[in-house]
Amino acid sequence: MKKIKKIGIILIILLAVALFFPTWTQDIKGDNSISILEQVKINGSSHELMIRGNDKNNPVIIVVHGGPGTPEIPYVDKYQDLLETDFTVVHYDQRASGKSYHFLEDYSNLSTDLLVEDLLAMTDYISERLGKNKIILMGHSAGTYIGIQAAHKAPEKYEAYIGIGQMGDTLESEIDSLTYVINQAQKDGNIDDVLYLQGITEQIKNGDTVTPRNYVMKYGGSARLIDDPGDNISVLLSSEYNLLDLIRYNYGMGFSQQKLLKEILENPLPNIVTKLEIPFYFVAGKYDFMTSSNAAKNYFDMIEADQKEFISFEQSAHYPQFEEKEKFYEWMSNTFIK
């Protein structure tokens, strides 16, 4: 009994350590470098913020993560080392997501409009803190739904908008995704998968749900050159998250998707933003079926702008900025470093 008691005490201690273990982002050497992980109060709610770059004088990028509710802070630094040489890169966990999920906070008013307001307030904070008149705004996946609306509402704050895995007509995108996974399942002879996906086809076509992401991931429509990022193990093993943060990550993701997915499905971007007053770029992986590159191209074609460009990454799926990070870094530097 004494041995069991000792083991129980040890397990409780280990659990407490894992829950509250200090978190940090890896240091970047250099007199003018910056590597910060901290909480800041933005628009009335505390947001987790990570800022990384070799030189604070470099152009600044604010990245809006996707999901809804799936922050990139726990894994992104392993992919953006090249980008940090020429840019200062800002990531933040959105309200009710990841380390920005606070169990005692009331999120009953969570909406995409509120997340857009948060982003605009975050932009003002970063512009003042880093001494920049304008910021490069980069959205990824569902973050493009928030990012492009911010660029539309306040073009004076931004140098340009970049949509990676850009959302377009959500129904068109989901049908593209469904068609892709059914075709791949048929090629692989996975009849059970085919029957299941065919069984939910009407729900997807009616806009009631999305193509299950585990099937898109299984058949290569999410990541091809890297493992799918953001799994629980990689999140927990990152220096930026501890066990409590992992719990918040999963709880916030479920909550955010429950609150926001229906709104996003019912209000596709082509009905909201059809003109931008700043240069914009869509970066699309050829094999992206999380947010269909075909739907993104159709949306790109309908947006009015003085300067726009659609860039296809031929080897990638939903994460071209990670899967082909050298090509992405080269394009970013050639486009924005004068």
# chains A, B, ... in the order shown; residues from 1 in each chain; ligands from 1
>>> residues_around(residues="A:Asp228", least_positions_apart="3", cutoff="9 Å", atoms="only C-alpha atoms", output="ChimeraX atom specification")
/A:217,222-224,231,319
>>> residues_around(residues="A:Pro155", least_positions_apart="4", cutoff="12 Å", atoms="only C-alpha atoms", output="list in words")
Leu120, Thr123, Asn133, Lys134, Ile135, Ile136, Leu137, Gly147, Ile148, Gln149, Ala150, Ala151, Glu159, Ala160, Tyr161, Lys275, Leu276, Glu277, Ile278, Pro279, Phe280 and Ala305 of chain A
>>> closest_residue(among="A:Ile264, A:Ile42, A:Leu130, A:Leu171", to="A:Gly143", atoms="only C-alpha atoms")
A:Ile264
>>> select_by_dssp(residues="stretch 114-329 of chain A", states="strand (DSSP E)", output="list in words")
Ile135, Ile136, Leu137, Met138, Gly139, His140, Tyr158, Glu159, Ala160, Tyr161, Ile162, Gly163, Ile164, Phe280, Tyr281, Phe282, Val283, Ala284, Gly285, Lys308, Glu309, Phe310, Ile311, Ser312 and Phe313 of chain A
>>> write_last_selection(atoms="N, CA, C and O atoms", output="JSON list (two decimals), in the first residue's frame")
[["chain", "number", "residue", "atom", "x", "y", "z"],
["A", 135, "ILE", "N", 1.58, 46.97, -42.00],
["A", 135, "ILE", "CA", 1.91, 45.58, -41.71],
["A", 135, "ILE", "C", 1.53, 44.71, -42.91],
["A", 135, "ILE", "O", 0.56, 45.00, -43.62],
["A", 136, "ILE", "N", 2.30, 43.66, -43.15],
["A", 136, "ILE", "CA", 1.88, 42.63, -44.11],
["A", 136, "ILE", "C", 0.94, 41.67, -43.38],
["A", 136, "ILE", "O", 1.28, 41.13, -42.33],
["A", 137, "LEU", "N", -0.26, 41.49, -43.92],
["A", 137, "LEU", "CA", -1.26, 40.63, -43.29],
["A", 137, "LEU", "C", -1.33, 39.30, -44.02],
["A", 137, "LEU", "O", -1.50, 39.26, -45.25],
["A", 138, "MET", "N", -1.18, 38.21, -43.27],
["A", 138, "MET", "CA", -1.16, 36.87, -43.85],
["A", 138, "MET", "C", -2.18, 35.99, -43.14],
["A", 138, "MET", "O", -2.09, 35.78, -41.93],
["A", 139, "GLY", "N", -3.15, 35.50, -43.87],
["A", 139, "GLY", "CA", -4.13, 34.57, -43.31],
["A", 139, "GLY", "C", -3.86, 33.17, -43.81],
["A", 139, "GLY", "O", -3.38, 32.98, -44.93],
["A", 140, "HIS", "N", -4.16, 32.18, -42.98],
["A", 140, "HIS", "CA", -4.02, 30.78, -43.40],
["A", 140, "HIS", "C", -5.32, 30.04, -43.12],
["A", 140, "HIS", "O", -5.88, 30.14, -42.02],
["A", 158, "TYR", "N", -2.47, 48.15, -43.80],
["A", 158, "TYR", "CA", -1.72, 47.02, -44.34],
["A", 158, "TYR", "C", -1.00, 47.36, -45.64],
["A", 158, "TYR", "O", -1.52, 48.09, -46.49],
["A", 159, "GLU", "N", 0.18, 46.78, -45.77],
["A", 159, "GLU", "CA", 0.95, 46.91, -47.00],
["A", 159, "GLU", "C", 0.38, 46.00, -48.08],
["A", 159, "GLU", "O", 0.34, 46.34, -49.26],
["A", 160, "ALA", "N", -0.04, 44.80, -47.67],
["A", 160, "ALA", "CA", -0.59, 43.82, -48.60],
["A", 160, "ALA", "C", -1.31, 42.74, -47.81],
["A", 160, "ALA", "O", -1.11, 42.60, -46.60],
["A", 161, "TYR", "N", -2.13, 41.97, -48.51],
["A", 161, "TYR", "CA", -2.79, 40.81, -47.91],
["A", 161, "TYR", "C", -2.35, 39.56, -48.66],
["A", 161, "TYR", "O", -2.32, 39.52, -49.90],
["A", 162, "ILE", "N", -2.01, 38.52, -47.89],
["A", 162, "ILE", "CA", -1.63, 37.21, -48.44],
["A", 162, "ILE", "C", -2.57, 36.16, -47.88],
["A", 162, "ILE", "O", -2.67, 35.99, -46.66],
["A", 163, "GLY", "N", -3.26, 35.46, -48.76],
["A", 163, "GLY", "CA", -4.15, 34.38, -48.34],
["A", 163, "GLY", "C", -3.54, 33.04, -48.70],
["A", 163, "GLY", "O", -3.35, 32.74, -49.89],
["A", 164, "ILE", "N", -3.21, 32.23, -47.71],
["A", 164, "ILE", "CA", -2.63, 30.90, -47.93],
["A", 164, "ILE", "C", -3.70, 29.87, -47.59],
["A", 164, "ILE", "O", -4.24, 29.87, -46.50],
["A", 280, "PHE", "N", -2.99, 42.15, -53.24],
["A", 280, "PHE", "CA", -3.25, 40.90, -52.54],
["A", 280, "PHE", "C", -2.74, 39.72, -53.35],
["A", 280, "PHE", "O", -2.62, 39.79, -54.58],
["A", 281, "TYR", "N", -2.42, 38.66, -52.63],
["A", 281, "TYR", "CA", -1.81, 37.47, -53.21],
["A", 281, "TYR", "C", -2.47, 36.24, -52.61],
["A", 281, "TYR", "O", -2.61, 36.16, -51.39],
["A", 282, "PHE", "N", -2.86, 35.31, -53.46],
["A", 282, "PHE", "CA", -3.33, 34.02, -52.98],
["A", 282, "PHE", "C", -2.23, 33.00, -53.26],
["A", 282, "PHE", "O", -1.78, 32.85, -54.40],
["A", 283, "VAL", "N", -1.79, 32.30, -52.21],
["A", 283, "VAL", "CA", -0.78, 31.26, -52.32],
["A", 283, "VAL", "C", -1.49, 29.92, -52.11],
["A", 283, "VAL", "O", -2.04, 29.67, -51.04],
["A", 284, "ALA", "N", -1.48, 29.08, -53.14],
["A", 284, "ALA", "CA", -2.29, 27.86, -53.11],
["A", 284, "ALA", "C", -1.46, 26.63, -53.40],
["A", 284, "ALA", "O", -0.70, 26.60, -54.37],
["A", 285, "GLY", "N", -1.60, 25.61, -52.56],
["A", 285, "GLY", "CA", -1.02, 24.31, -52.86],
["A", 285, "GLY", "C", -1.89, 23.60, -53.88],
["A", 285, "GLY", "O", -3.12, 23.57, -53.77],
["A", 308, "LYS", "N", -2.90, 42.15, -58.07],
["A", 308, "LYS", "CA", -3.18, 40.85, -57.46],
["A", 308, "LYS", "C", -2.41, 39.77, -58.20],
["A", 308, "LYS", "O", -2.06, 39.92, -59.37],
["A", 309, "GLU", "N", -2.16, 38.67, -57.48],
["A", 309, "GLU", "CA", -1.41, 37.57, -58.08],
["A", 309, "GLU", "C", -1.82, 36.25, -57.42],
["A", 309, "GLU", "O", -1.99, 36.19, -56.20],
["A", 310, "PHE", "N", -1.98, 35.22, -58.24],
["A", 310, "PHE", "CA", -2.28, 33.88, -57.75],
["A", 310, "PHE", "C", -1.05, 33.02, -57.95],
["A", 310, "PHE", "O", -0.56, 32.86, -59.07],
["A", 311, "ILE", "N", -0.51, 32.48, -56.86],
["A", 311, "ILE", "CA", 0.74, 31.72, -56.92],
["A", 311, "ILE", "C", 0.45, 30.28, -56.54],
["A", 311, "ILE", "O", -0.02, 29.99, -55.44],
["A", 312, "SER", "N", 0.73, 29.36, -57.45],
["A", 312, "SER", "CA", 0.48, 27.95, -57.21],
["A", 312, "SER", "C", 1.77, 27.24, -56.81],
["A", 312, "SER", "O", 2.81, 27.41, -57.45],
["A", 313, "PHE", "N", 1.70, 26.46, -55.74],
["A", 313, "PHE", "CA", 2.82, 25.64, -55.29],
["A", 313, "PHE", "C", 2.52, 24.19, -55.70],
["A", 313, "PHE", "O", 1.60, 23.57, -55.15]]
>>> residues_around(residues="A:Lys56", least_positions_apart="2", cutoff="12 Å", atoms="only C-alpha atoms", output="list in words")
Ile28, Gly30, Asp31, Asn32, Ser33, Ile34, Ser35, Ile36, Ile51, Arg52, Gly53, Asn54, Asn58, Pro59, Val60, Ile61, Glu84, Thr85, Asp86, Phe87, Thr88, Val89, Val90, Ile126, Ser127, Arg129, Leu130, Gly131 and Lys132 of chain A
>>> write_last_selection(atoms="N, CA, C and O atoms", output="JSON list (two decimals), in the first residue's frame")
[["chain", "number", "residue", "atom", "x", "y", "z"],
["A", 28, "ILE", "N", 16.49, 33.98, -30.28],
["A", 28, "ILE", "CA", 17.17, 34.29, -31.53],
["A", 28, "ILE", "C", 18.34, 35.21, -31.21],
["A", 28, "ILE", "O", 18.15, 36.27, -30.63],
["A", 30, "GLY", "N", 21.31, 37.93, -31.64],
["A", 30, "GLY", "CA", 21.45, 39.16, -32.42],
["A", 30, "GLY", "C", 21.05, 40.37, -31.61],
["A", 30, "GLY", "O", 20.11, 40.32, -30.82],
["A", 31, "ASP", "N", 21.78, 41.48, -31.81],
["A", 31, "ASP", "CA", 21.54, 42.69, -31.02],
["A", 31, "ASP", "C", 20.16, 43.28, -31.24],
["A", 31, "ASP", "O", 19.57, 43.87, -30.34],
["A", 32, "ASN", "N", 19.62, 43.12, -32.45],
["A", 32, "ASN", "CA", 18.32, 43.72, -32.75],
["A", 32, "ASN", "C", 17.25, 42.67, -33.02],
["A", 32, "ASN", "O", 16.24, 42.95, -33.63],
["A", 33, "SER", "N", 17.51, 41.44, -32.57],
["A", 33, "SER", "CA", 16.54, 40.36, -32.79],
["A", 33, "SER", "C", 15.40, 40.47, -31.77],
["A", 33, "SER", "O", 15.48, 41.21, -30.80],
["A", 34, "ILE", "N", 14.36, 39.69, -32.02],
["A", 34, "ILE", "CA", 13.23, 39.65, -31.09],
["A", 34, "ILE", "C", 12.68, 38.24, -31.06],
["A", 34, "ILE", "O", 12.54, 37.57, -32.09],
["A", 35, "SER", "N", 12.42, 37.72, -29.87],
["A", 35, "SER", "CA", 11.79, 36.40, -29.69],
["A", 35, "SER", "C", 11.00, 36.46, -28.39],
["A", 35, "SER", "O", 11.56, 36.33, -27.31],
["A", 36, "ILE", "N", 9.71, 36.67, -28.52],
["A", 36, "ILE", "CA", 8.84, 36.94, -27.38],
["A", 36, "ILE", "C", 7.63, 36.01, -27.41],
["A", 36, "ILE", "O", 7.03, 35.78, -28.46],
["A", 51, "ILE", "N", 6.28, 36.78, -31.11],
["A", 51, "ILE", "CA", 6.94, 37.63, -32.10],
["A", 51, "ILE", "C", 8.36, 37.10, -32.27],
["A", 51, "ILE", "O", 9.11, 36.98, -31.30],
["A", 52, "ARG", "N", 8.75, 36.83, -33.54],
["A", 52, "ARG", "CA", 10.08, 36.30, -33.80],
["A", 52, "ARG", "C", 10.68, 36.94, -35.05],
["A", 52, "ARG", "O", 9.99, 37.11, -36.06],
["A", 53, "GLY", "N", 11.96, 37.28, -34.96],
["A", 53, "GLY", "CA", 12.66, 37.81, -36.12],
["A", 53, "GLY", "C", 14.09, 38.16, -35.81],
["A", 53, "GLY", "O", 14.43, 38.48, -34.67],
["A", 54, "ASN", "N", 14.95, 38.11, -36.82],
["A", 54, "ASN", "CA", 16.37, 38.40, -36.64],
["A", 54, "ASN", "C", 16.66, 39.87, -36.45],
["A", 54, "ASN", "O", 17.66, 40.25, -35.84],
["A", 58, "ASN", "N", 13.12, 44.85, -39.77],
["A", 58, "ASN", "CA", 12.57, 44.19, -40.96],
["A", 58, "ASN", "C", 11.07, 44.40, -41.07],
["A", 58, "ASN", "O", 10.41, 44.73, -40.08],
["A", 59, "PRO", "N", 10.51, 44.21, -42.27],
["A", 59, "PRO", "CA", 9.05, 44.27, -42.42],
["A", 59, "PRO", "C", 8.36, 43.28, -41.48],
["A", 59, "PRO", "O", 8.90, 42.22, -41.18],
["A", 60, "VAL", "N", 7.16, 43.64, -41.03],
["A", 60, "VAL", "CA", 6.42, 42.85, -40.05],
["A", 60, "VAL", "C", 5.25, 42.13, -40.72],
["A", 60, "VAL", "O", 4.50, 42.73, -41.49],
["A", 61, "ILE", "N", 5.09, 40.85, -40.38],
["A", 61, "ILE", "CA", 3.97, 40.05, -40.84],
["A", 61, "ILE", "C", 3.11, 39.66, -39.63],
["A", 61, "ILE", "O", 3.64, 39.18, -38.64],
["A", 84, "GLU", "N", 12.19, 34.29, -40.85],
["A", 84, "GLU", "CA", 12.61, 35.18, -39.76],
["A", 84, "GLU", "C", 13.88, 35.97, -40.08],
["A", 84, "GLU", "O", 14.18, 36.94, -39.40],
["A", 85, "THR", "N", 14.62, 35.57, -41.10],
["A", 85, "THR", "CA", 15.83, 36.31, -41.46],
["A", 85, "THR", "C", 15.51, 37.64, -42.11],
["A", 85, "THR", "O", 16.27, 38.61, -41.95],
["A", 86, "ASP", "N", 14.41, 37.72, -42.83],
["A", 86, "ASP", "CA", 14.05, 38.94, -43.56],
["A", 86, "ASP", "C", 12.80, 39.63, -43.04],
["A", 86, "ASP", "O", 12.49, 40.75, -43.45],
["A", 87, "PHE", "N", 12.06, 38.96, -42.13],
["A", 87, "PHE", "CA", 10.81, 39.51, -41.63],
["A", 87, "PHE", "C", 10.70, 39.28, -40.12],
["A", 87, "PHE", "O", 11.29, 38.35, -39.58],
["A", 88, "THR", "N", 9.95, 40.15, -39.47],
["A", 88, "THR", "CA", 9.53, 39.90, -38.09],
["A", 88, "THR", "C", 8.13, 39.30, -38.17],
["A", 88, "THR", "O", 7.21, 39.92, -38.72],
["A", 89, "VAL", "N", 7.97, 38.08, -37.64],
["A", 89, "VAL", "CA", 6.73, 37.33, -37.82],
["A", 89, "VAL", "C", 5.95, 37.29, -36.51],
["A", 89, "VAL", "O", 6.47, 36.86, -35.47],
["A", 90, "VAL", "N", 4.71, 37.73, -36.57],
["A", 90, "VAL", "CA", 3.84, 37.80, -35.39],
["A", 90, "VAL", "C", 2.73, 36.76, -35.52],
["A", 90, "VAL", "O", 1.99, 36.74, -36.50],
["A", 126, "ILE", "N", 0.57, 46.07, -32.63],
["A", 126, "ILE", "CA", 1.85, 45.66, -33.20],
["A", 126, "ILE", "C", 2.51, 46.81, -33.95],
["A", 126, "ILE", "O", 3.73, 47.02, -33.87],
["A", 127, "SER", "N", 1.72, 47.59, -34.68],
["A", 127, "SER", "CA", 2.27, 48.74, -35.41],
["A", 127, "SER", "C", 2.94, 49.72, -34.47],
["A", 127, "SER", "O", 4.06, 50.20, -34.73],
["A", 129, "ARG", "N", 3.94, 49.03, -31.30],
["A", 129, "ARG", "CA", 5.03, 48.39, -30.55],
["A", 129, "ARG", "C", 6.31, 48.26, -31.38],
["A", 129, "ARG", "O", 7.42, 48.45, -30.87],
["A", 130, "LEU", "N", 6.16, 47.95, -32.66],
["A", 130, "LEU", "CA", 7.32, 47.73, -33.51],
["A", 130, "LEU", "C", 7.64, 48.92, -34.41],
["A", 130, "LEU", "O", 8.56, 48.86, -35.23],
["A", 131, "GLY", "N", 6.87, 49.99, -34.26],
["A", 131, "GLY", "CA", 7.17, 51.22, -34.99],
["A", 131, "GLY", "C", 6.98, 51.11, -36.49],
["A", 131, "GLY", "O", 7.80, 51.61, -37.27],
["A", 132, "LYS", "N", 5.90, 50.47, -36.92],
["A", 132, "LYS", "CA", 5.62, 50.29, -38.35],
["A", 132, "LYS", "C", 4.33, 51.00, -38.73],
["A", 132, "LYS", "O", 3.32, 50.90, -38.05]]
>>> select_by_dssp(residues="stretch 232-291 of chain A", states="alpha helix (DSSP H)", output="PyMOL selection string")
chain A and resi 232-237+243-266
>>> write_last_selection(atoms="N, CA, C and O atoms", output="short mmCIF file (atom, residue, chain, number, x, y, z; two decimals), in the first residue's frame")
data_model
loop_
_atom_site.label_atom_id
_atom_site.label_comp_id
_atom_site.auth_asym_id
_atom_site.auth_seq_id
_atom_site.Cartn_x
_atom_site.Cartn_y
_atom_site.Cartn_z
N ASN A 232 -1.68 16.40 -31.14
CA ASN A 232 -1.53 16.61 -29.70
C ASN A 232 -0.10 16.39 -29.21
O ASN A 232 0.38 17.13 -28.34
N ILE A 233 0.59 15.40 -29.77
CA ILE A 233 1.96 15.11 -29.31
C ILE A 233 2.90 16.26 -29.66
O ILE A 233 3.67 16.74 -28.81
N SER A 234 2.84 16.74 -30.91
CA SER A 234 3.74 17.82 -31.31
C SER A 234 3.43 19.11 -30.56
O SER A 234 4.33 19.88 -30.22
N VAL A 235 2.15 19.34 -30.28
CA VAL A 235 1.77 20.53 -29.51
C VAL A 235 2.34 20.44 -28.09
O VAL A 235 2.94 21.40 -27.57
N LEU A 236 2.17 19.28 -27.46
CA LEU A 236 2.64 19.11 -26.09
C LEU A 236 4.16 19.17 -25.98
O LEU A 236 4.70 19.66 -24.99
N LEU A 237 4.85 18.70 -27.01
CA LEU A 237 6.32 18.68 -26.97
C LEU A 237 6.95 20.02 -27.34
O LEU A 237 8.16 20.18 -27.24
N LEU A 243 0.89 21.16 -20.70
CA LEU A 243 -0.29 20.30 -20.71
C LEU A 243 -1.58 21.09 -20.55
O LEU A 243 -2.59 20.80 -21.20
N LEU A 244 -1.57 22.10 -19.69
CA LEU A 244 -2.75 22.95 -19.53
C LEU A 244 -3.08 23.63 -20.85
O LEU A 244 -4.26 23.74 -21.23
N ASP A 245 -2.05 24.09 -21.56
CA ASP A 245 -2.27 24.75 -22.85
C ASP A 245 -2.84 23.77 -23.87
O ASP A 245 -3.67 24.14 -24.70
N LEU A 246 -2.37 22.52 -23.83
CA LEU A 246 -2.90 21.51 -24.74
C LEU A 246 -4.38 21.27 -24.47
O LEU A 246 -5.18 21.13 -25.41
N ILE A 247 -4.77 21.25 -23.21
CA ILE A 247 -6.18 21.11 -22.86
C ILE A 247 -6.98 22.30 -23.40
O ILE A 247 -8.05 22.13 -23.99
N ARG A 248 -6.44 23.49 -23.22
CA ARG A 248 -7.11 24.69 -23.74
C ARG A 248 -7.17 24.67 -25.27
O ARG A 248 -8.15 25.11 -25.87
N TYR A 249 -6.11 24.16 -25.89
CA TYR A 249 -6.04 24.05 -27.35
C TYR A 249 -7.21 23.21 -27.88
O TYR A 249 -7.93 23.62 -28.80
N ASN A 250 -7.41 22.05 -27.27
CA ASN A 250 -8.47 21.16 -27.73
C ASN A 250 -9.86 21.67 -27.35
O ASN A 250 -10.80 21.60 -28.16
N TYR A 251 -9.99 22.19 -26.15
CA TYR A 251 -11.28 22.70 -25.72
C TYR A 251 -11.67 23.92 -26.56
O TYR A 251 -12.82 24.05 -27.02
N GLY A 252 -10.71 24.82 -26.78
CA GLY A 252 -10.98 26.02 -27.57
C GLY A 252 -11.30 25.70 -29.01
O GLY A 252 -12.17 26.35 -29.62
N MET A 253 -10.62 24.70 -29.59
CA MET A 253 -10.89 24.31 -30.97
C MET A 253 -12.32 23.81 -31.11
O MET A 253 -13.05 24.23 -32.02
N GLY A 254 -12.74 22.94 -30.21
CA GLY A 254 -14.10 22.43 -30.26
C GLY A 254 -15.13 23.52 -30.10
O GLY A 254 -16.13 23.58 -30.83
N PHE A 255 -14.89 24.41 -29.14
CA PHE A 255 -15.83 25.50 -28.88
C PHE A 255 -15.90 26.45 -30.07
O PHE A 255 -16.99 26.82 -30.52
N SER A 256 -14.74 26.85 -30.60
CA SER A 256 -14.70 27.82 -31.70
C SER A 256 -15.38 27.26 -32.95
O SER A 256 -16.11 27.98 -33.64
N GLN A 257 -15.14 25.99 -33.24
CA GLN A 257 -15.76 25.41 -34.42
C GLN A 257 -17.27 25.28 -34.26
O GLN A 257 -18.03 25.52 -35.20
N GLN A 258 -17.70 24.96 -33.06
CA GLN A 258 -19.14 24.88 -32.80
C GLN A 258 -19.81 26.24 -32.98
O GLN A 258 -20.91 26.34 -33.52
N LYS A 259 -19.11 27.30 -32.54
CA LYS A 259 -19.68 28.64 -32.61
C LYS A 259 -19.59 29.26 -34.01
O LYS A 259 -20.46 30.03 -34.40
N LEU A 260 -18.54 28.94 -34.76
CA LEU A 260 -18.23 29.72 -35.95
C LEU A 260 -18.44 29.02 -37.28
O LEU A 260 -18.65 29.69 -38.30
N LEU A 261 -18.37 27.69 -37.31
CA LEU A 261 -18.43 27.00 -38.60
C LEU A 261 -19.74 27.27 -39.35
O LEU A 261 -19.74 27.50 -40.56
N LYS A 262 -20.86 27.23 -38.63
CA LYS A 262 -22.16 27.46 -39.28
C LYS A 262 -22.20 28.87 -39.89
O LYS A 262 -22.68 29.06 -41.02
N GLU A 263 -21.68 29.84 -39.15
CA GLU A 263 -21.65 31.21 -39.64
C GLU A 263 -20.82 31.32 -40.92
O GLU A 263 -21.20 31.99 -41.88
N ILE A 264 -19.66 30.64 -40.93
CA ILE A 264 -18.78 30.69 -42.10
C ILE A 264 -19.44 30.00 -43.30
O ILE A 264 -19.37 30.50 -44.43
N LEU A 265 -20.09 28.88 -43.06
CA LEU A 265 -20.75 28.16 -44.14
C LEU A 265 -21.90 28.96 -44.74
O LEU A 265 -22.13 28.94 -45.95
N GLU A 266 -22.62 29.67 -43.89
CA GLU A 266 -23.80 30.41 -44.35
C GLU A 266 -23.47 31.77 -44.95
O GLU A 266 -24.31 32.37 -45.63
#
>>> closest_atom_pairs(of="stretch 86-200 of chain A", to="stretch 292-296 of chain A", cutoff="7 Å", atoms="only C-alpha atoms", output="tab-separated table")
residue	atom	partner	partner_atom	distance
A:Gln166	CA	A:Ala296	CA	5.7
A:Met167	CA	A:Ala296	CA	6.0
A:Gly168	CA	A:Ala296	CA	5.1
A:Asp169	CA	A:Ala295	CA	6.2
A:Glu172	CA	A:Ala295	CA	6.2
A:Ser173	CA	A:Ser292	CA	4.9
A:Asp176	CA	A:Ser292	CA	6.4
A:Ser177	CA	A:Ser292	CA	6.6
>>> write_last_selection(atoms="N, CA and C atoms", output="PDB file, in the first residue's frame")
ATOM      1  N   GLN A 166      -6.510  29.919 -49.131  1.00  0.00           N
ATOM      2  CA  GLN A 166      -7.573  30.918 -49.070  1.00  0.00           C
ATOM      3  C   GLN A 166      -8.958  30.291 -49.205  1.00  0.00           C
ATOM      4  N   MET A 167      -9.850  30.713 -48.342  1.00  0.00           N
ATOM      5  CA  MET A 167     -11.245  30.313 -48.466  1.00  0.00           C
ATOM      6  C   MET A 167     -11.917  31.121 -49.569  1.00  0.00           C
ATOM      7  N   GLY A 168     -12.848  30.494 -50.254  1.00  0.00           N
ATOM      8  CA  GLY A 168     -13.651  31.178 -51.261  1.00  0.00           C
ATOM      9  C   GLY A 168     -15.106  30.835 -51.020  1.00  0.00           C
ATOM     10  N   ASP A 169     -15.767  30.334 -52.042  1.00  0.00           N
ATOM     11  CA  ASP A 169     -17.131  29.838 -51.874  1.00  0.00           C
ATOM     12  C   ASP A 169     -17.052  28.532 -51.097  1.00  0.00           C
ATOM     13  N   GLU A 172     -18.692  25.351 -52.694  1.00  0.00           N
ATOM     14  CA  GLU A 172     -17.894  24.867 -53.827  1.00  0.00           C
ATOM     15  C   GLU A 172     -16.657  24.119 -53.326  1.00  0.00           C
ATOM     16  N   SER A 173     -16.004  24.693 -52.323  1.00  0.00           N
ATOM     17  CA  SER A 173     -14.799  24.083 -51.771  1.00  0.00           C
ATOM     18  C   SER A 173     -15.093  22.721 -51.147  1.00  0.00           C
ATOM     19  N   ASP A 176     -15.691  20.125 -53.808  1.00  0.00           N
ATOM     20  CA  ASP A 176     -14.394  19.740 -54.372  1.00  0.00           C
ATOM     21  C   ASP A 176     -13.683  18.745 -53.461  1.00  0.00           C
ATOM     22  N   SER A 177     -13.695  19.030 -52.165  1.00  0.00           N
ATOM     23  CA  SER A 177     -13.030  18.159 -51.198  1.00  0.00           C
ATOM     24  C   SER A 177     -13.679  16.779 -51.169  1.00  0.00           C
TER      25      SER A 177
END
>>> atom_distance(atom1="atom CA of A:Glu202", atom2="atom CA of A:Glu174")
11.6 Å
>>> atom_distance(atom1="atom CA of A:Pro320", atom2="atom CA of A:Gly220")
13.2 Å
>>> residues_around(residues="A:Gly66", least_positions_apart="3", cutoff="7 Å", atoms="only C-alpha atoms", output="count of residues only")
7
>>> atom_distance(atom1="atom CA of A:Thr274", atom2="atom CA of A:Phe300")
9.1 Å
>>> closest_residue(among="A:Leu110, A:Met122, A:Ile62, A:Ile73", to="A:Thr23", atoms="only C-alpha atoms")
A:Ile73
